[in-house]
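Colleague: Take a look at input-v9.csv, CSV, C-alpha atoms and all ligand atoms:
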chain,number,residue,atom,x,y,z
A,1,MET,CA,71.2,155.5,106.0
A,2,SER,CA,68.2,155.4,108.3
A,3,LYS,CA,68.7,154.8,112.0
A,4,LEU,CA,66.6,151.7,111.8
A,5,LEU,CA,68.7,150.2,109.0
A,6,VAL,CA,72.0,150.9,110.9
A,7,LYS,CA,70.5,149.1,113.9
A,8,PHE,CA,69.4,146.3,111.7
A,9,ILE,CA,72.9,145.9,110.3
A,10,ALA,CA,74.4,146.0,113.8
A,11,VAL,CA,72.0,143.4,115.1
A,12,THR,CA,72.4,141.0,112.2
A,13,GLY,CA,76.1,141.7,112.0
A,14,CYS,CA,75.8,140.7,108.4
A,15,ALA,CA,77.0,143.1,105.8
A,16,ALA,CA,75.8,140.9,102.9
A,17,VAL,CA,72.2,141.1,104.2
A,18,ALA,CA,72.5,144.9,104.5
A,19,VAL,CA,73.9,145.2,100.9
A,20,ALA,CA,71.1,143.0,99.6
A,21,PHE,CA,68.6,145.1,101.6
A,22,ILE,CA,69.9,148.4,100.3
A,23,GLY,CA,70.6,147.4,96.8
A,24,ARG,CA,67.6,145.1,96.5
A,25,GLN,CA,69.8,143.0,94.3
A,26,GLN,CA,68.5,139.8,95.9
A,27,PRO,CA,65.9,138.8,98.4
A,28,VAL,CA,67.1,139.2,102.0
A,29,GLU,CA,66.4,135.6,102.8
A,30,ALA,CA,68.6,134.5,99.9
A,31,ALA,CA,71.5,136.6,101.3
A,32,GLY,CA,71.1,134.9,104.6
A,33,ALA,CA,71.4,131.4,103.2
A,34,PRO,CA,74.8,129.7,103.1
A,35,PRO,CA,76.8,130.6,100.1
A,36,VAL,CA,76.7,128.2,97.2
A,37,HIS,CA,80.1,127.9,95.5
A,38,ALA,CA,79.5,124.9,93.4
A,39,ALA,CA,82.9,124.9,91.7
A,40,ALA,CA,84.9,126.0,94.8
A,41,ALA,CA,83.3,123.6,97.3
A,42,LEU,CA,85.5,120.6,96.6
A,43,PRO,CA,89.0,121.9,97.0
A,44,MET,CA,87.9,124.2,100.0
A,45,ALA,CA,86.5,121.2,101.9
A,46,ASN,CA,89.7,119.0,101.4
A,47,LYS,CA,90.7,118.2,105.0
A,48,TYR,CA,93.6,115.8,104.2
A,49,ALA,CA,96.3,118.0,105.6
A,50,GLU,CA,94.3,118.9,108.6
A,51,VAL,CA,92.9,115.5,109.5
A,52,CYS,CA,94.5,112.5,107.8
A,53,GLN,CA,98.1,113.6,107.2
A,54,VAL,CA,99.2,113.2,110.8
A,55,CYS,CA,98.8,109.4,110.4
A,56,HIS,CA,98.8,108.7,106.7
A,57,GLN,CA,101.5,111.3,106.0
A,58,ALA,CA,101.7,114.0,103.3
A,59,ASN,CA,103.2,111.5,100.8
A,60,GLY,CA,100.3,109.0,101.5
A,61,LEU,CA,102.8,106.3,102.5
A,62,GLY,CA,101.7,106.1,106.1
A,63,LEU,CA,104.1,104.8,108.7
A,64,GLU,CA,105.4,101.2,108.5
A,65,GLY,CA,103.9,99.1,111.3
A,66,ALA,CA,101.5,101.8,112.5
A,67,PHE,CA,99.5,103.6,109.8
A,68,PRO,CA,98.8,101.9,106.5
A,69,PRO,CA,99.5,103.7,103.2
A,70,LEU,CA,96.8,105.4,101.1
A,71,ALA,CA,99.1,105.6,98.1
A,72,GLY,CA,98.3,102.5,96.0
A,73,SER,CA,95.8,101.2,98.7
A,74,GLU,CA,93.3,98.7,97.3
A,75,TRP,CA,90.8,99.9,100.1
A,76,LEU,CA,91.0,103.5,99.1
A,77,SER,CA,91.0,102.9,95.3
A,78,GLY,CA,88.2,100.4,95.0
A,79,PRO,CA,84.4,101.1,95.2
A,80,ALA,CA,83.9,104.5,96.8
A,81,ILE,CA,81.5,103.1,99.4
A,82,VAL,CA,84.5,101.5,101.2
A,83,PRO,CA,86.6,104.5,102.0
A,84,ILE,CA,83.5,106.6,102.7
A,85,ALA,CA,82.4,103.9,105.2
A,86,ILE,CA,85.9,103.9,106.8
A,87,VAL,CA,86.0,107.7,107.2
A,88,LEU,CA,82.5,108.0,108.6
A,89,LYS,CA,82.6,105.1,111.1
A,90,GLY,CA,86.3,104.2,111.6
A,91,LEU,CA,88.0,100.9,111.4
A,92,GLN,CA,89.3,98.3,113.9
A,93,GLY,CA,91.1,94.9,113.9
A,94,GLU,CA,93.5,93.5,111.3
A,95,ILE,CA,93.6,94.8,107.8
A,96,VAL,CA,96.0,93.9,105.0
A,97,VAL,CA,97.1,96.8,102.8
A,98,LYS,CA,99.5,96.2,99.9
A,99,GLY,CA,100.5,92.9,101.4
A,100,LYS,CA,101.2,94.1,104.9
A,101,THR,CA,99.1,93.5,108.0
A,102,TYR,CA,98.1,96.3,110.3
A,103,GLY,CA,96.2,95.9,113.5
A,104,GLY,CA,95.5,99.3,114.8
A,105,ALA,CA,92.3,101.4,114.9
A,106,MET,CA,91.1,104.4,113.1
A,107,MET,CA,88.5,106.7,114.7
A,108,ALA,CA,85.2,107.8,113.1
A,109,TRP,CA,85.0,111.2,111.6
A,110,GLU,CA,81.2,111.4,111.0
A,111,GLY,CA,80.8,113.8,113.8
A,112,THR,CA,83.5,116.3,112.7
A,113,MET,CA,83.5,116.1,108.9
A,114,SER,CA,80.6,117.3,106.7
A,115,ASP,CA,79.5,115.4,103.5
A,116,ASP,CA,81.5,118.0,101.5
A,117,ASP,CA,84.6,117.5,103.7
A,118,VAL,CA,84.5,113.7,103.2
A,119,ALA,CA,83.9,113.9,99.5
A,120,ALA,CA,86.6,116.4,98.8
A,121,THR,CA,89.2,114.7,101.1
A,122,LEU,CA,88.6,111.3,99.6
A,123,THR,CA,88.6,112.7,96.1
A,124,TYR,CA,92.0,114.3,96.9
A,125,ALA,CA,93.4,111.1,98.3
A,126,ARG,CA,92.0,109.0,95.4
A,127,THR,CA,93.8,111.2,92.9
A,128,GLN,CA,97.2,111.8,94.6
A,129,TRP,CA,100.4,109.8,94.8
A,130,GLY,CA,99.7,108.0,91.6
A,131,ASN,CA,96.2,107.0,92.6
A,132,ARG,CA,93.8,107.3,89.7
A,133,SER,CA,90.3,106.6,91.1
A,134,ALA,CA,87.0,108.3,90.3
A,135,PRO,CA,86.0,111.3,92.4
A,136,VAL,CA,83.8,110.8,95.4
A,137,THR,CA,80.6,112.9,95.1
A,138,VAL,CA,78.8,114.7,98.0
A,139,ALA,CA,75.7,112.7,97.0
A,140,LEU,CA,77.5,109.4,97.6
A,141,VAL,CA,78.6,110.5,101.0
A,142,ARG,CA,75.2,111.8,101.9
A,143,ALA,CA,73.6,108.5,100.9
A,144,ALA,CA,76.2,106.5,102.9
A,145,ARG,CA,75.6,108.6,106.0
A,146,THR,CA,71.9,107.8,105.8
A,147,ARG,CA,72.5,104.1,105.0
A,148,PHE,CA,74.8,103.6,108.0
A,149,ALA,CA,73.0,106.0,110.3
A,150,LYS,CA,72.2,103.3,112.9
A,151,ARG,CA,75.8,101.9,113.0
A,152,THR,CA,77.7,102.9,116.1
A,153,THR,CA,80.8,100.8,115.9
A,154,PRO,CA,83.9,100.9,113.6
A,155,TRP,CA,84.1,98.5,110.6
A,156,THR,CA,86.2,95.3,110.4
A,157,SER,CA,88.1,94.6,107.1
A,158,ALA,CA,85.9,91.5,106.6
A,159,GLU,CA,82.7,93.7,106.8
A,160,LEU,CA,84.2,96.1,104.3
A,161,LYS,CA,85.0,93.4,101.8
A,162,ALA,CA,81.3,92.5,101.8
A,163,LEU,CA,80.1,96.1,101.3
A,164,LYS,CA,78.4,96.9,98.1
A,201,LIG,C1,95.1,108.9,114.2
A,201,LIG,C2,95.5,108.2,113.0
A,201,LIG,C3,94.7,108.3,111.8
A,201,LIG,C4,94.0,109.3,111.2
A,201,LIG,C5,94.0,110.8,111.7
A,201,LIG,C6,93.4,108.8,110.0
A,201,LIG,N1,93.6,107.5,109.9
A,201,LIG,FE1,93.0,106.3,108.4
A,201,LIG,N2,93.8,104.6,109.3
A,201,LIG,C7,94.5,104.7,110.5
A,201,LIG,C8,94.8,103.3,110.9
A,201,LIG,C9,95.6,102.9,112.2
A,201,LIG,C10,94.2,102.5,110.0
A,201,LIG,C11,94.3,100.9,110.0
A,201,LIG,C12,93.3,100.5,111.0
A,201,LIG,C13,93.4,99.0,111.3
A,201,LIG,O1,94.5,98.5,111.4
A,201,LIG,O2,92.3,98.3,111.5
A,201,LIG,C14,93.6,103.3,109.0
A,201,LIG,C15,93.0,102.9,107.8
A,201,LIG,C16,92.6,103.7,106.8
A,201,LIG,C17,92.1,103.2,105.5
A,201,LIG,C18,92.0,101.8,105.0
A,201,LIG,C19,93.4,101.2,104.8
A,201,LIG,C20,94.2,101.9,103.8
A,201,LIG,O3,95.4,102.2,104.1
A,201,LIG,O4,93.7,102.3,102.7
A,201,LIG,C21,91.7,104.3,104.8
A,201,LIG,C22,91.1,104.3,103.4
A,201,LIG,C23,91.9,105.5,105.6
A,201,LIG,N3,92.5,105.1,106.8
A,201,LIG,C24,91.7,106.8,105.2
A,201,LIG,C25,91.8,107.9,106.1
A,201,LIG,C26,91.4,109.2,105.7
A,201,LIG,C27,90.8,109.6,104.4
A,201,LIG,C28,91.6,110.0,106.8
A,201,LIG,C29,91.3,111.4,107.0
A,201,LIG,C30,89.9,111.8,106.9
A,201,LIG,C31,92.2,109.1,107.9
A,201,LIG,N4,92.3,107.9,107.4
A,201,LIG,C32,92.6,109.6,109.1
A,201,LIG,C33,94.9,105.8,111.2
A,201,LIG,C34,94.4,107.1,111.0
Write out the structure in this file as structure tokens.
Modeller:
Amino acid sequence: MSKLLVKFIAVTGCAAVAVAFIGRQQPVEAAGAPPVHAAAALPMANKYAEVCQVCHQANGLGLEGAFPPLAGSEWLSGPAIVPIAIVLKGLQGEIVVKGKTYGGAMMAWEGTMSDDDVAATLTYARTQWGNRSAPVTVALVRAARTRFAKRTTPWTSAELKALK
């Protein structure tokens, strides 16, 4: 290995680039791009346990009087735009979930969750605990992020009902 190449590897700190460089198996710029794992992206980005579980619980039942359930929730299971909107911007004021009224607040996650994260986490929640709703695609989340880009406040349940 030439001195220059060793220096290059040390500077970039990226073995993948070096391998591509040496082996000429792929262009260097492609090796530097983020990896594309189309099939693996969804489960890997599921942040339910990390982000949502502390409130909505591992069993999706929430906590009576404080955190509403996601298991059997009409808000989570309806049109995907509604739970996407909730996760991106948060929620405040009264909301009735499975016949019970909650009056807390949920913070926005748009700053800490990527489109992949939101899609995979909602897809997980929409297919757990007996929920049987369609997956949420990354494209839907991306479109919603653009659509609500100017919004800076959490939703109210009345606004969510009117969302299409
Ligand atoms: C710190 C606690 C907390 C965390 C973390 C949290 N939520 Fe919530 N969530 C709430 C509260 C409280 C409400 C009800 C807000 C209200 O009363 O207006 C709510 C409401 C919801 C609703 C609408 C009502 C329902 O039960 O379906 C959905 C959907 C939802 N959350 C999904 C999520 C998802 C997905 C995550 C993880 C990305 C998450 N939440 C993280 C506290 C939390």
Colleague: Looking at A:Ala144, A:Val51, A:Ala80, A:Ala120, which one is nearest to ligand LIG 201 (chain A), with distances taken over all atoms listed in the file?
Modeller: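 Distance minimum relative to ligand LIG 201 (chain A) lands on A:Val51.
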Colleague: Mind running chain A against ligand LIG 201 (chain A) at 8 Å and telling me each contacting residue's nearest atom pair with the distance in Å (one decimal), counting all atoms listed in the file, chain and number ascending, as JSON lines?
Modeller:
{"residue": "A:Lys47", "atom": "CA", "partner": "A:LIG201", "partner_atom": "C30", "distance": 6.7}
{"residue": "A:Tyr48", "atom": "CA", "partner": "A:LIG201", "partner_atom": "C29", "distance": 5.7}
{"residue": "A:Val51", "atom": "CA", "partner": "A:LIG201", "partner_atom": "C29", "distance": 5.1}
{"residue": "A:Cys52", "atom": "CA", "partner": "A:LIG201", "partner_atom": "C29", "distance": 3.5}
{"residue": "A:Gln53", "atom": "CA", "partner": "A:LIG201", "partner_atom": "C5", "distance": 6.7}
{"residue": "A:Val54", "atom": "CA", "partner": "A:LIG201", "partner_atom": "C5", "distance": 5.8}
{"residue": "A:Cys55", "atom": "CA", "partner": "A:LIG201", "partner_atom": "C2", "distance": 4.4}
{"residue": "A:His56", "atom": "CA", "partner": "A:LIG201", "partner_atom": "N1", "distance": 6.2}
{"residue": "A:Gly62", "atom": "CA", "partner": "A:LIG201", "partner_atom": "O3", "distance": 7.7}
{"residue": "A:Ala66", "atom": "CA", "partner": "A:LIG201", "partner_atom": "C9", "distance": 6.0}
{"residue": "A:Phe67", "atom": "CA", "partner": "A:LIG201", "partner_atom": "C9", "distance": 4.6}
{"residue": "A:Pro68", "atom": "CA", "partner": "A:LIG201", "partner_atom": "O3", "distance": 4.2}
{"residue": "A:Pro69", "atom": "CA", "partner": "A:LIG201", "partner_atom": "O3", "distance": 4.5}
{"residue": "A:Leu70", "atom": "CA", "partner": "A:LIG201", "partner_atom": "O3", "distance": 4.6}
{"residue": "A:Ala71", "atom": "CA", "partner": "A:LIG201", "partner_atom": "O4", "distance": 7.8}
{"residue": "A:Ser73", "atom": "CA", "partner": "A:LIG201", "partner_atom": "O4", "distance": 4.6}
{"residue": "A:Glu74", "atom": "CA", "partner": "A:LIG201", "partner_atom": "O4", "distance": 6.5}
{"residue": "A:Trp75", "atom": "CA", "partner": "A:LIG201", "partner_atom": "O4", "distance": 4.6}
{"residue": "A:Leu76", "atom": "CA", "partner": "A:LIG201", "partner_atom": "C22", "distance": 4.4}
{"residue": "A:Ser77", "atom": "CA", "partner": "A:LIG201", "partner_atom": "O4", "distance": 7.9}
{"residue": "A:Val82", "atom": "CA", "partner": "A:LIG201", "partner_atom": "C22", "distance": 7.5}
{"residue": "A:Pro83", "atom": "CA", "partner": "A:LIG201", "partner_atom": "C22", "distance": 4.7}
{"residue": "A:Ile84", "atom": "CA", "partner": "A:LIG201", "partner_atom": "C22", "distance": 8.0}
{"residue": "A:Ile86", "atom": "CA", "partner": "A:LIG201", "partner_atom": "C21", "distance": 6.1}
{"residue": "A:Val87", "atom": "CA", "partner": "A:LIG201", "partner_atom": "C30", "distance": 5.7}
{"residue": "A:Gly90", "atom": "CA", "partner": "A:LIG201", "partner_atom": "FE1", "distance": 7.7}
{"residue": "A:Leu91", "atom": "CA", "partner": "A:LIG201", "partner_atom": "O2", "distance": 5.0}
{"residue": "A:Gln92", "atom": "CA", "partner": "A:LIG201", "partner_atom": "O2", "distance": 3.8}
{"residue": "A:Gly93", "atom": "CA", "partner": "A:LIG201", "partner_atom": "O2", "distance": 4.3}
{"residue": "A:Glu94", "atom": "CA", "partner": "A:LIG201", "partner_atom": "O2", "distance": 5.0}
{"residue": "A:Ile95", "atom": "CA", "partner": "A:LIG201", "partner_atom": "O1", "distance": 5.2}
{"residue": "A:Val96", "atom": "CA", "partner": "A:LIG201", "partner_atom": "C19", "distance": 7.8}
{"residue": "A:Val97", "atom": "CA", "partner": "A:LIG201", "partner_atom": "O3", "distance": 5.8}
{"residue": "A:Thr101", "atom": "CA", "partner": "A:LIG201", "partner_atom": "O1", "distance": 7.6}
{"residue": "A:Tyr102", "atom": "CA", "partner": "A:LIG201", "partner_atom": "O1", "distance": 4.4}
{"residue": "A:Gly103", "atom": "CA", "partner": "A:LIG201", "partner_atom": "O1", "distance": 3.7}
{"residue": "A:Gly104", "atom": "CA", "partner": "A:LIG201", "partner_atom": "O1", "distance": 3.6}
{"residue": "A:Ala105", "atom": "CA", "partner": "A:LIG201", "partner_atom": "C12", "distance": 4.1}
{"residue": "A:Met106", "atom": "CA", "partner": "A:LIG201", "partner_atom": "C7", "distance": 4.3}
{"residue": "A:Met107", "atom": "CA", "partner": "A:LIG201", "partner_atom": "C1", "distance": 7.0}
{"residue": "A:Trp109", "atom": "CA", "partner": "A:LIG201", "partner_atom": "C30", "distance": 6.8}
{"residue": "A:Met113", "atom": "CA", "partner": "A:LIG201", "partner_atom": "C30", "distance": 8.0}
{"residue": "A:Val118", "atom": "CA", "partner": "A:LIG201", "partner_atom": "C30", "distance": 6.8}
{"residue": "A:Thr121", "atom": "CA", "partner": "A:LIG201", "partner_atom": "C27", "distance": 6.3}
{"residue": "A:Leu122", "atom": "CA", "partner": "A:LIG201", "partner_atom": "C27", "distance": 5.5}
{"residue": "A:Ala125", "atom": "CA", "partner": "A:LIG201", "partner_atom": "C27", "distance": 6.8}
{"residue": "A:Thr156", "atom": "CA", "partner": "A:LIG201", "partner_atom": "O2", "distance": 6.9}
{"residue": "A:Ser157", "atom": "CA", "partner": "A:LIG201", "partner_atom": "O2", "distance": 7.1}
Colleague: Check the smallest atom-to-atom distance from each of A:Gly111, A:Gly72, A:Pro79, A:Pro154 to Asn131 (chain A) using all atoms listed in the file, then report the winner.
Modeller: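 The closest residue to Asn131 (chain A) is A:Gly72.
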Colleague: Could you state the separation of CA of Phe148 (chain A) and CA of Ala119 (chain A) in Å, given to one decimal place?
Modeller: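 About the pair CA of Phe148 (chain A) and CA of Ala119 (chain A): they are 16.2 Å apart.
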Colleague: Quick one: of A:Val141, A:Ala149, A:Ala85, A:Leu61, who's nearest to Lys98 (chain A), counting all atoms listed in the file?
Modeller: A:Leu61
Colleague: Report, in Å to a single decimal, how far apart CA of Asn46 (chain A) and CA of Arg126 (chain A) are.
Modeller: 11.9 Å
Colleague: Report, in Å with one decimal, the straight-line distance from CA of Gln128 (chain A) to CA of Asn59 (chain A).
Modeller: 8.6 Å
Colleague: Complete region 100-116 of chain A at the level of N, CA and C atoms, written as a short mmCIF file (atom, residue, chain, number, x, y, z; two decimals), keeping the file's coordinate frame.
Modeller:
data_model
loop_
_atom_site.label_atom_id
_atom_site.label_comp_id
_atom_site.auth_asym_id
_atom_site.auth_seq_id
_atom_site.Cartn_x
_atom_site.Cartn_y
_atom_site.Cartn_z
N LYS A 100 100.77 94.04 103.50
CA LYS A 100 101.20 94.10 104.90
C LYS A 100 100.04 94.20 105.84
N THR A 101 100.17 93.53 106.99
CA THR A 101 99.10 93.50 108.00
C THR A 101 99.22 94.57 109.01
N TYR A 102 98.12 95.31 109.22
CA TYR A 102 98.10 96.30 110.30
C TYR A 102 97.02 95.91 111.28
N GLY A 103 97.20 96.28 112.52
CA GLY A 103 96.20 95.90 113.50
C GLY A 103 95.93 96.99 114.52
N GLY A 104 95.79 98.16 113.98
CA GLY A 104 95.50 99.30 114.80
C GLY A 104 94.02 99.64 114.83
N ALA A 105 93.74 100.90 114.97
CA ALA A 105 92.30 101.40 114.90
C ALA A 105 92.33 102.78 114.38
N MET A 106 91.33 103.07 113.60
CA MET A 106 91.10 104.40 113.10
C MET A 106 89.78 104.92 113.63
N MET A 107 89.75 106.12 114.14
CA MET A 107 88.50 106.70 114.70
C MET A 107 87.52 107.09 113.64
N ALA A 108 86.27 107.29 114.06
CA ALA A 108 85.20 107.80 113.10
C ALA A 108 85.30 109.28 113.00
N TRP A 109 84.98 109.76 111.81
CA TRP A 109 85.00 111.20 111.60
C TRP A 109 83.61 111.75 111.27
N GLU A 110 82.57 110.93 111.39
CA GLU A 110 81.20 111.40 111.00
C GLU A 110 80.75 112.59 111.79
N GLY A 111 81.26 112.73 113.02
CA GLY A 111 80.80 113.80 113.80
C GLY A 111 81.52 115.15 113.53
N THR A 112 82.69 115.09 112.89
CA THR A 112 83.50 116.30 112.70
C THR A 112 83.63 116.68 111.21
N MET A 113 83.34 115.75 110.29
CA MET A 113 83.50 116.10 108.90
C MET A 113 82.12 116.09 108.19
N SER A 114 81.87 117.15 107.43
CA SER A 114 80.60 117.30 106.70
C SER A 114 80.69 116.36 105.44
N ASP A 115 79.55 116.21 104.76
CA ASP A 115 79.50 115.40 103.50
C ASP A 115 80.52 116.01 102.50
N ASP A 116 80.55 117.33 102.42
CA ASP A 116 81.50 118.00 101.50
C ASP A 116 82.94 117.69 101.89
#
